[in-house]
Protein chains: 2
Amino acid sequence: MSSITGALLTDLYMLTMLQGYFQQRMEDTAVYEFFVRDLPPGRGFLVAAGLEQVLEYLETLHFTDEELTWLTGTKRFTPEFVDYLASLRFAGDVHAMPEGTVFFPNEPILRVTAPIPQAQFVETRIINLLHFETVLASKAARCVLAAPGKLLVDFGLRRAHGAEAGLLAARASYLAGFAGTATVLAGKLYDIPIFGSMAHSFIQAHDNELAAFEHFAHAQPDNVLLLIDTYDTEVGAQTVVELAPRLKALGIAIKGVRLDSGDLASHARKVRKILDAGGLTEARIFSSGNLDEYTLRELLDKGAPIDGFGVGTRLDTSADAPYLDCAYKLVEYAGHPRRKLSEGKATLPGRKQVYRSYGTDSVKRMQADVITVEHDTQSGEALIRPVMQGGQRIHAPEPLVRSRERAADQLSRLPSDLYDLDAKSAYPVSVSHALEQLARRADKEVRAALISN
Amino acid sequence: MSSITGALLTDLYMLTMLQGYFQQRMEDTAVYEFFVRDLPPGRGFLVAAGLEQVLEYLETLHFTDEELTWLTGTKRFTPEFVDYLASLRFAGDVHAMPEGTVFFPNEPILRVTAPIPQAQFVETRIINLLHFETVLASKAARCVLAAPGKLLVDFGLRRAHGAEAGLLAARASYLAGFAGTATVLAGKLYDIPIFGSMAHSFIQAHDNELAAFEHFAHAQPDNVLLLIDTYDTEVGAQTVVELAPRLKALGIAIKGVRLDSGDLASHARKVRKILDAGGLTEARIFSSGNLDEYTLRELLDKGAPIDGFGVGTRLDTSADAPYLDCAYKLVEYAGHPRRKLSEGKATLPGRKQVYRSYGTDSVKRMQADVITVEHDTQSGEALIRPVMQGGQRIHAPEPLVRSRERAADQLSRLPSDLYDLDAKSAYPVSVSHALEQLARRADKEVRAALISN
């Protein structure tokens with residue numbers, strides 16, 4: 001992955017600003033925080049994801065000679081500045097909510113503290129990673145809540161937005177509770193279970209469906225999941241029943257069938273009957289095709305006897321909410337709290353902490369969050385923790401299964417009204433008195449600066 | 001880029017099917033075509049993009065030893081099959097519409113002809129590339145049509161879905177007529193002009209706006225585009241006017257200002273007056289912030305005096321239509337035309353060609369397309385051309401500027417009702433008699449196969 005995450009994967013203005021900082025020798029400590037301003041319509045919560053990729057990026061950030069030569073060739077930068085870039089590394093601190101944490105608008109999930117050139121430069125890629133993985137984990141969590149106990153598999157690589165989107169979608173959906181992915185490389189990179197059997201063209205390349213099924217079973221005797229809707233779904237199911245005894249004689253069990261088109265609930269019911277009547281009560285029904293949390297809920301509300309789902313395009317593109325209104329904002333520079341006043345985009349200044357309180361019921365459901373200043377103490381759990389110091393990780397990378405357990409725990413403790421796919425009420429998040437005071441102080445400083453203009 | 005496009009960037013079922021083909025020694029010639037089934041609501045046309053990345057992928061496809069070792073470790077594949085994968089290369093033929101061609105539903109834009117294991121295996125990545133770049137080029141073309149003559153720049157990397165999405169979005173939007181991108185690496189990889197100046201945090205890190213503007217101008221004297229909305233847009237514009245003479249004395253010209261928040265039309269009018277009154281009639285107004293084709297049209301309809309736009313999130317995620325209903329389908333195997341009958345997903349069989357006829361008016365506007373069989377001859381221009389033979393490109397890679405010229409030419413020749421952002425009528429695309437006959441023949445063969453099941 002490292003070739004695509006080189007130092008030039010950034011916006012040009014990072015480099016033009018850095019040249020400004022360099023010439024003015026501005027290198028005081030800057031503090032930036034990443035947060036989401038608003039939830040997409042109908043969404044009640046988000047799931048933090050992408051921290052591991054951000055830390056990898058920060059640990060390895062540097063310009064190669066080839067990149068520096070290219071930058072010189074653009075004639076936009078002085079030789080002194082290009083020399084300075086040659087030695088640029090990330091040597092700052094990072095605090096973050098761990099991956100899999102449920103969070104809400106205006107709560108920072110990542111804080112970067114470093115000399116301003118370093119903290120500024122990493123903005124583009126940090127947003128690029130945290131934004132997308134959080135979009136995906138949040139979308140996938142909704143699918144998991146809509147289909148409790150079902151096997152969910154990410155099928156989206158082909159219509160994901162490029163290679164990395166497909167890989168990170170596989171990772172983020174697994175983190176949120178999916179069982180695995182069809183994307184082989186994601187299995188290798190992130191140690192995620194992989195799933196897959198056959199496409200329609202495999203059937204079509206054979207003289208008939210029966211031959212295709214039989215050939216497949218011989219080639220993958222431990223993975224006999226047969227796609228039965230290429231020509232006629234019910235005929236396909238009958239063909240499976242017909243084939244089963246011959247395979248059984250060879251010690252091969254049919255694990256299940258897949259439906260990919262038509263009225264999935266109606267087909268599933270008919271197919272279940274055909275399989276059961278044929279003695280294949282153990283064979284599972286798996287379905288795919290235009291699925292998302294809404295269609296999953298609809299199918300399960302209809303009582304469709306489907307055991308697992310391949311969720312593709314609408315998951316990997318987060319089709320109903322393909323982006324979040326998020327930002328990586330300067331909140332402090334050289335010891336002074338900062339905030340932007342741009343219309344409709346005012347932000348909370350200073351280094352922050354988020355405390356979460358839980359109920360005393362058996363599930364210990366989430367009750368309310370307070371956003372406050374870094375060293376304030378509030379009751380509840382402090383969600384933002386140190387993860388990198390002086391450019392070095394404080395702990396070894398967290399195994400993805402551990403983040404996945406955290407997400408499952410968090411999702412099991414959501415307030416019950418947040419399980420609704422169309423969230424009507426907002427989770428209570430308040431701003432502490434101490435943070436409000438800091439905001440007033442920051443505004444006073446900004447106004448003084450405006451007058452001195 | 002090559003590390004992310006390795007052979008394992010595929011769906012698991014490609015490998016399970018290939019093991020089936022391998023064991024049955026099925027390696028007859030298969031023909032697959034990529035096409036889009038439907039246009040997203042309101043869209044009247046699409047712009048083909050991504051062919052160059054597909055050809056790069058096909059030329060370089062191979063499994064590394066490390067990938068093969070990992071596959072062996074999954075225990076899903078026989079040693080003989082893994083040996084076979086070690087020698088797998090793409091040695092087939094490719095026909096395609098050139099990048100930048102306007103196209104419509106059911107028209108194939110790419111055809112792959114190869115032994116079935118090869119033609120099948122490349123499906124996932126081919127769709128992943130063609131789908132996304134086509135989504136992006138089509139979205140960007142709408143922005144270009146909504147803002148004729150304006151400078152449009154891709155600002156979307158941070159909220160694009162991962163690194164590759166940001167890079168390919170920069171490429172596809174440039175192809176469709178954007179002037180360039182903020183993404184530095186896209187500038188290097190694709191030789192696209194890059195744009196950028198400063199973010200709010202650069203202003204905030206200084207004691208006041210004036211100091212920030214002055215420092216920036218000294219650091220980037222050829223690129224003085226000043227962001228004026230951090231605190232108060234009109235005050236920011238006055239500060240620019242105040243600073244201009246001091247910079248002029250040093251031989252530095254202020255190229256323009258950028259607005260990123262609030263009512264852009266209203267601010268632009270006030271800012272234009274302030275700049276003009278201050279003698280800065282040459283300074284351009286550039287704006288950004290939640291833009292897409294609809295907001296561009298609205299701003300220009302209001303007569304906002306804005307010269308250029310940075311279009312980000314909604315472009316790079318194609319927010320209103322983040323995916324297309326597209327497919328890469330088997331249309332012929334071993335000389336027999338094939339089509340799938342799955343409900344609602346029936347496709348046209350056989351190798352196809354698309355002919356486009358143009359009017360005799362001075363613009364030579366597009367009039368109608370006919371989809372027909374490969375060697376049929378119809379009047380008009382044949383859009384599908386050979387691009388790869390036996391795994392080798394027929395021509396050198398087409399320079400991106402050439403594809404960009406083609407897109408501009410095509411967009412200038414759209415039927416006039418397709419310029420509407422909410423297309424009400426469909427462009428006429430018909431299916432030839434010869435193709436209809438082939439479809440009937442394919443259905444007959446499929447039904448015979450069903451009976452023989």
# chains A, B, ... in the order shown; residues from 1 in each chain; ligands from 1

$ select_by_dssp --residues "range 75-303 of chain B" --states "alpha helix (DSSP H)" --output "JSON list (two decimals) with C-alpha atoms, in the first residue's frame"
[["chain", "number", "residue", "atom", "x", "y", "z"],
["B", 79, "PRO", "CA", -0.88, -26.99, -5.78],
["B", 80, "GLU", "CA", -1.45, -27.64, -9.52],
["B", 81, "PHE", "CA", -3.83, -24.72, -9.73],
["B", 82, "VAL", "CA", -1.45, -22.41, -7.85],
["B", 83, "ASP", "CA", 1.30, -23.41, -10.34],
["B", 84, "TYR", "CA", -1.08, -22.56, -13.15],
["B", 85, "LEU", "CA", -1.76, -19.12, -11.60],
["B", 86, "ALA", "CA", 2.00, -18.49, -11.53],
["B", 116, "ILE", "CA", -12.21, -17.80, -20.42],
["B", 117, "PRO", "CA", -9.92, -17.96, -17.36],
["B", 118, "GLN", "CA", -8.19, -14.73, -18.42],
["B", 119, "ALA", "CA", -11.30, -12.91, -19.53],
["B", 120, "GLN", "CA", -13.13, -13.92, -16.34],
["B", 121, "PHE", "CA", -10.34, -13.18, -13.92],
["B", 123, "GLU", "CA", -13.64, -8.69, -14.27],
["B", 124, "THR", "CA", -13.42, -7.16, -10.80],
["B", 125, "ARG", "CA", -10.64, -4.68, -11.46],
["B", 126, "ILE", "CA", -11.97, -3.75, -14.91],
["B", 127, "ILE", "CA", -15.33, -2.81, -13.41],
["B", 128, "ASN", "CA", -13.64, -1.11, -10.44],
["B", 129, "LEU", "CA", -11.69, 1.18, -12.79],
["B", 130, "LEU", "CA", -14.16, 1.82, -15.63],
["B", 131, "HIS", "CA", -17.10, 2.31, -13.30],
["B", 132, "PHE", "CA", -15.48, 4.88, -11.05],
["B", 133, "GLU", "CA", -13.72, 6.92, -13.71],
["B", 134, "THR", "CA", -16.89, 6.96, -15.82],
["B", 135, "VAL", "CA", -18.97, 8.04, -12.80],
["B", 136, "LEU", "CA", -16.48, 10.84, -12.19],
["B", 137, "ALA", "CA", -15.98, 12.00, -15.77],
["B", 138, "SER", "CA", -19.76, 12.07, -16.22],
["B", 139, "LYS", "CA", -20.27, 14.11, -13.03],
["B", 140, "ALA", "CA", -17.43, 16.48, -13.94],
["B", 141, "ALA", "CA", -18.84, 16.96, -17.46],
["B", 142, "ARG", "CA", -22.06, 18.19, -15.89],
["B", 143, "CYS", "CA", -20.09, 20.77, -13.87],
["B", 144, "VAL", "CA", -18.32, 21.88, -17.06],
["B", 145, "LEU", "CA", -21.65, 22.28, -18.88],
["B", 146, "ALA", "CA", -23.12, 24.20, -15.91],
["B", 163, "ALA", "CA", -6.27, 7.51, -2.18],
["B", 164, "GLU", "CA", -6.97, 6.00, -5.57],
["B", 165, "ALA", "CA", -10.41, 7.60, -5.76],
["B", 166, "GLY", "CA", -8.81, 11.00, -5.23],
["B", 167, "LEU", "CA", -6.20, 10.38, -7.92],
["B", 168, "LEU", "CA", -8.62, 8.97, -10.48],
["B", 169, "ALA", "CA", -11.15, 11.71, -9.73],
["B", 170, "ALA", "CA", -8.49, 14.29, -10.57],
["B", 171, "ARG", "CA", -7.75, 12.45, -13.81],
["B", 172, "ALA", "CA", -11.38, 11.93, -14.83],
["B", 173, "SER", "CA", -12.43, 15.50, -14.06],
["B", 174, "TYR", "CA", -9.50, 16.88, -16.06],
["B", 175, "LEU", "CA", -10.48, 14.58, -18.92],
["B", 184, "VAL", "CA", -0.20, 17.06, -6.09],
["B", 185, "LEU", "CA", 0.34, 13.37, -6.85],
["B", 186, "ALA", "CA", -2.27, 13.49, -9.62],
["B", 187, "GLY", "CA", -0.26, 16.31, -11.15],
["B", 188, "LYS", "CA", 2.82, 14.12, -11.11],
["B", 189, "LEU", "CA", 1.17, 10.87, -12.27],
["B", 190, "TYR", "CA", -1.04, 12.28, -15.02],
["B", 200, "HIS", "CA", -7.94, 28.90, 7.00],
["B", 201, "SER", "CA", -5.45, 27.51, 9.47],
["B", 202, "PHE", "CA", -2.64, 29.43, 7.74],
["B", 203, "ILE", "CA", -4.53, 32.64, 8.51],
["B", 204, "GLN", "CA", -5.37, 31.52, 12.03],
["B", 209, "GLU", "CA", -5.03, 38.29, 8.43],
["B", 210, "LEU", "CA", -2.83, 41.03, 7.02],
["B", 211, "ALA", "CA", 0.33, 39.37, 8.33],
["B", 212, "ALA", "CA", -0.80, 36.02, 6.93],
["B", 213, "PHE", "CA", -1.52, 37.50, 3.48],
["B", 214, "GLU", "CA", 1.80, 39.31, 3.40],
["B", 215, "HIS", "CA", 3.80, 36.26, 4.46],
["B", 216, "PHE", "CA", 2.07, 34.12, 1.88],
["B", 217, "ALA", "CA", 2.74, 36.64, -0.89],
["B", 218, "HIS", "CA", 6.43, 36.67, -0.04],
["B", 219, "ALA", "CA", 6.60, 32.88, -0.02],
["B", 233, "THR", "CA", -15.23, 38.27, 4.10],
["B", 234, "GLU", "CA", -15.64, 41.97, 3.34],
["B", 235, "VAL", "CA", -13.04, 42.99, 5.92],
["B", 236, "GLY", "CA", -10.77, 40.39, 4.29],
["B", 237, "ALA", "CA", -11.30, 42.00, 0.88],
["B", 238, "GLN", "CA", -10.47, 45.44, 2.30],
["B", 239, "THR", "CA", -7.29, 43.99, 3.79],
["B", 240, "VAL", "CA", -6.32, 42.70, 0.35],
["B", 241, "VAL", "CA", -6.83, 46.18, -1.14],
["B", 242, "GLU", "CA", -4.74, 47.70, 1.65],
["B", 243, "LEU", "CA", -1.91, 45.23, 1.06],
["B", 244, "ALA", "CA", -1.83, 45.49, -2.74],
["B", 245, "PRO", "CA", 0.28, 48.64, -3.13],
["B", 246, "ARG", "CA", 2.95, 47.35, -0.76],
["B", 247, "LEU", "CA", 3.20, 44.13, -2.76],
["B", 248, "LYS", "CA", 3.13, 45.99, -6.09],
["B", 249, "ALA", "CA", 6.16, 47.98, -4.95],
["B", 264, "LEU", "CA", -21.17, 33.06, -2.23],
["B", 265, "ALA", "CA", -23.13, 35.13, -4.76],
["B", 266, "SER", "CA", -23.76, 37.98, -2.35],
["B", 267, "HIS", "CA", -20.20, 37.96, -1.00],
["B", 268, "ALA", "CA", -18.76, 37.80, -4.51],
["B", 269, "ARG", "CA", -20.68, 40.91, -5.56],
["B", 270, "LYS", "CA", -19.53, 42.88, -2.50],
["B", 271, "VAL", "CA", -15.97, 41.65, -2.84],
["B", 272, "ARG", "CA", -15.89, 42.51, -6.55],
["B", 273, "LYS", "CA", -16.94, 46.09, -5.72],
["B", 274, "ILE", "CA", -14.31, 46.40, -2.98],
["B", 275, "LEU", "CA", -11.56, 45.04, -5.25],
["B", 276, "ASP", "CA", -12.60, 47.23, -8.19],
["B", 277, "ALA", "CA", -12.84, 50.33, -5.99],
["B", 293, "GLU", "CA", -23.27, 21.32, -10.97],
["B", 294, "TYR", "CA", -26.49, 22.51, -9.35],
["B", 295, "THR", "CA", -24.90, 25.16, -7.12],
["B", 296, "LEU", "CA", -22.65, 26.28, -10.00],
["B", 297, "ARG", "CA", -25.69, 26.82, -12.21],
["B", 298, "GLU", "CA", -27.51, 28.64, -9.41],
["B", 299, "LEU", "CA", -24.57, 30.97, -8.74],
["B", 300, "LEU", "CA", -24.12, 31.79, -12.42],
["B", 301, "ASP", "CA", -27.87, 32.24, -12.93]]

$ closest_residue --among "B:Met366, B:Ala442, B:Ala147, B:Leu250" --to "chain A" --atoms "only C-alpha atoms"
B:Ala442

$ select_by_dssp --residues "range 107-249 of chain B" --states "strand (DSSP E or B)" --output "PyMOL selection string"
chain B and resi 110-115+151-154+180-181+183+194+225-227

$ write_last_selection --atoms "N, CA and C atoms" --output "PDB file, in the first residue's frame"
ATOM      1  N   LEU B 110     -16.415  -1.405 -23.593  1.00  0.00           N
ATOM      2  CA  LEU B 110     -15.201  -2.229 -23.572  1.00  0.00           C
ATOM      3  C   LEU B 110     -15.588  -3.673 -23.858  1.00  0.00           C
ATOM      4  N   ARG B 111     -14.783  -4.324 -24.691  1.00  0.00           N
ATOM      5  CA  ARG B 111     -14.989  -5.751 -24.960  1.00  0.00           C
ATOM      6  C   ARG B 111     -13.675  -6.479 -24.740  1.00  0.00           C
ATOM      7  N   VAL B 112     -13.717  -7.583 -24.017  1.00  0.00           N
ATOM      8  CA  VAL B 112     -12.532  -8.400 -23.765  1.00  0.00           C
ATOM      9  C   VAL B 112     -12.751  -9.756 -24.419  1.00  0.00           C
ATOM     10  N   THR B 113     -11.790 -10.185 -25.218  1.00  0.00           N
ATOM     11  CA  THR B 113     -11.846 -11.467 -25.914  1.00  0.00           C
ATOM     12  C   THR B 113     -10.601 -12.256 -25.543  1.00  0.00           C
ATOM     13  N   ALA B 114     -10.785 -13.375 -24.840  1.00  0.00           N
ATOM     14  CA  ALA B 114      -9.613 -14.126 -24.341  1.00  0.00           C
ATOM     15  C   ALA B 114     -10.071 -15.502 -23.899  1.00  0.00           C
ATOM     16  N   PRO B 115      -9.121 -16.443 -23.700  1.00  0.00           N
ATOM     17  CA  PRO B 115      -9.499 -17.712 -23.078  1.00  0.00           C
ATOM     18  C   PRO B 115     -10.259 -17.420 -21.782  1.00  0.00           C
ATOM     19  N   LEU B 151     -13.094  28.619 -14.790  1.00  0.00           N
ATOM     20  CA  LEU B 151     -11.984  27.768 -14.373  1.00  0.00           C
ATOM     21  C   LEU B 151     -12.484  26.824 -13.280  1.00  0.00           C
ATOM     22  N   LEU B 152     -12.461  25.521 -13.564  1.00  0.00           N
ATOM     23  CA  LEU B 152     -12.920  24.543 -12.574  1.00  0.00           C
ATOM     24  C   LEU B 152     -11.738  23.706 -12.100  1.00  0.00           C
ATOM     25  N   VAL B 153     -11.625  23.546 -10.787  1.00  0.00           N
ATOM     26  CA  VAL B 153     -10.508  22.788 -10.217  1.00  0.00           C
ATOM     27  C   VAL B 153     -11.050  21.737  -9.253  1.00  0.00           C
ATOM     28  N   ASP B 154     -10.533  20.519  -9.365  1.00  0.00           N
ATOM     29  CA  ASP B 154     -10.899  19.429  -8.450  1.00  0.00           C
ATOM     30  C   ASP B 154     -10.257  19.663  -7.087  1.00  0.00           C
ATOM     31  N   GLY B 180      -7.786  21.597 -13.785  1.00  0.00           N
ATOM     32  CA  GLY B 180      -6.737  20.934 -13.018  1.00  0.00           C
ATOM     33  C   GLY B 180      -7.260  20.472 -11.682  1.00  0.00           C
ATOM     34  N   THR B 181      -6.321  20.213 -10.779  1.00  0.00           N
ATOM     35  CA  THR B 181      -6.649  19.614  -9.485  1.00  0.00           C
ATOM     36  C   THR B 181      -5.755  20.193  -8.399  1.00  0.00           C
ATOM     37  N   THR B 183      -4.691  18.066  -6.159  1.00  0.00           N
ATOM     38  CA  THR B 183      -3.978  16.861  -5.712  1.00  0.00           C
ATOM     39  C   THR B 183      -2.596  16.775  -6.358  1.00  0.00           C
ATOM     40  N   ILE B 194      -1.741  21.720 -11.463  1.00  0.00           N
ATOM     41  CA  ILE B 194      -2.145  21.714 -10.051  1.00  0.00           C
ATOM     42  C   ILE B 194      -2.359  23.134  -9.544  1.00  0.00           C
ATOM     43  N   LEU B 225      -3.091  34.017  -4.271  1.00  0.00           N
ATOM     44  CA  LEU B 225      -4.542  33.878  -4.226  1.00  0.00           C
ATOM     45  C   LEU B 225      -4.872  33.818  -2.737  1.00  0.00           C
ATOM     46  N   LEU B 226      -5.581  34.809  -2.235  1.00  0.00           N
ATOM     47  CA  LEU B 226      -5.723  34.967  -0.777  1.00  0.00           C
ATOM     48  C   LEU B 226      -7.117  34.557  -0.303  1.00  0.00           C
ATOM     49  N   LEU B 227      -7.141  33.745   0.731  1.00  0.00           N
ATOM     50  CA  LEU B 227      -8.404  33.248   1.292  1.00  0.00           C
ATOM     51  C   LEU B 227      -8.937  34.310   2.252  1.00  0.00           C
TER      52      LEU B 227
END

$ closest_residue --among "B:Asn106, B:Ser403, B:Asn208, B:Thr72" --to "chain A" --atoms "only C-alpha atoms"
B:Asn208

$ residues_around --residues "Gly44 in chain B" --least-positions-apart "4" --cutoff "9 Å" --atoms "only C-alpha atoms" --output "list in words"
Leu39, Pro40, Phe104, Asp417, Leu418, Tyr419, Asp420, Leu421, Asp422, Ala423, Lys424, Ser425, Ala426 and Tyr427 of chain B

$ residues_around --residues "Met17 in chain A" --least-positions-apart "4" --cutoff "7 Å" --atoms "only C-alpha atoms" --output "list in words"
Tyr13 and Tyr21 of chain A; Met198 and Phe202 of chain B

$ atom_distance --atom1 "CA of Ala49 in chain A" --atom2 "CA of Thr10 in chain B"
23.3 Å

$ atom_distance --atom1 "CA of Ile384 in chain A" --atom2 "CA of Gly335 in chain A"
20.2 Å

$ residues_around --residues "Asp307 in chain B" --least-positions-apart "5" --cutoff "9 Å" --atoms "only C-alpha atoms" --output "PyMOL selection string"
chain B and resi 149-151+284-287

$ write_last_selection --atoms "C-alpha atoms" --output "PDB file, in the first residue's frame"
ATOM      1  CA  GLY B 149     -15.871  29.203 -19.672  1.00  0.00           C
ATOM      2  CA  LYS B 150     -15.151  29.140 -15.935  1.00  0.00           C
ATOM      3  CA  LEU B 151     -11.984  27.768 -14.373  1.00  0.00           C
ATOM      4  CA  ARG B 284     -10.029  37.190  -9.911  1.00  0.00           C
ATOM      5  CA  ILE B 285     -12.620  35.796  -7.518  1.00  0.00           C
ATOM      6  CA  PHE B 286     -12.378  32.092  -6.881  1.00  0.00           C
ATOM      7  CA  SER B 287     -14.868  30.219  -4.736  1.00  0.00           C
TER       8      SER B 287
END

$ residues_around --residues "His433 in chain A" --least-positions-apart "5" --cutoff "12 Å" --atoms "only C-alpha atoms" --output "ChimeraX atom specification"
/A:370-373,376-378,438-440

$ write_last_selection --atoms "C-alpha atoms" --output "mmCIF file, in the first residue's frame"
data_model
loop_
_atom_site.group_PDB
_atom_site.id
_atom_site.type_symbol
_atom_site.label_atom_id
_atom_site.label_comp_id
_atom_site.auth_asym_id
_atom_site.auth_seq_id
_atom_site.Cartn_x
_atom_site.Cartn_y
_atom_site.Cartn_z
ATOM 1 C CA VAL A 370 -19.913 15.834 27.544
ATOM 2 C CA ILE A 371 -17.330 17.602 25.386
ATOM 3 C CA THR A 372 -14.890 19.483 27.577
ATOM 4 C CA VAL A 373 -11.344 20.842 27.680
ATOM 5 C CA ASP A 376 -11.107 18.882 32.893
ATOM 6 C CA THR A 377 -12.505 15.929 34.789
ATOM 7 C CA GLN A 378 -16.074 14.843 34.316
ATOM 8 C CA LEU A 438 -12.419 28.820 26.404
ATOM 9 C CA ALA A 439 -14.519 29.566 23.314
ATOM 10 C CA ARG A 440 -15.274 33.051 24.634
#

$ residues_around --residues "Arg338 in chain B" --least-positions-apart "5" --cutoff "7 Å" --atoms "only C-alpha atoms" --output "PDB file with C-alpha atoms, in the first residue's frame"
ATOM      1  CA  GLN A 204     -23.221 -19.676 -18.776  1.00  0.00           C
TER       2      GLN A 204
ATOM      3  CA  LEU B 330     -20.250 -12.899 -20.817  1.00  0.00           C
ATOM      4  CA  VAL B 331     -21.755 -12.375 -24.282  1.00  0.00           C
ATOM      5  CA  GLU B 332     -20.125 -15.279 -26.161  1.00  0.00           C
ATOM      6  CA  TYR B 333     -18.366 -18.519 -25.237  1.00  0.00           C
ATOM      7  CA  PRO B 349     -25.682 -11.280 -26.425  1.00  0.00           C
ATOM      8  CA  GLY B 350     -22.734 -11.417 -28.828  1.00  0.00           C
ATOM      9  CA  ALA B 442     -29.041 -17.140 -27.924  1.00  0.00           C
TER      10      ALA B 442
END

$ atom_distance --atom1 "CA of Gly289 in chain B" --atom2 "CA of Pro305 in chain B"
16.1 Å
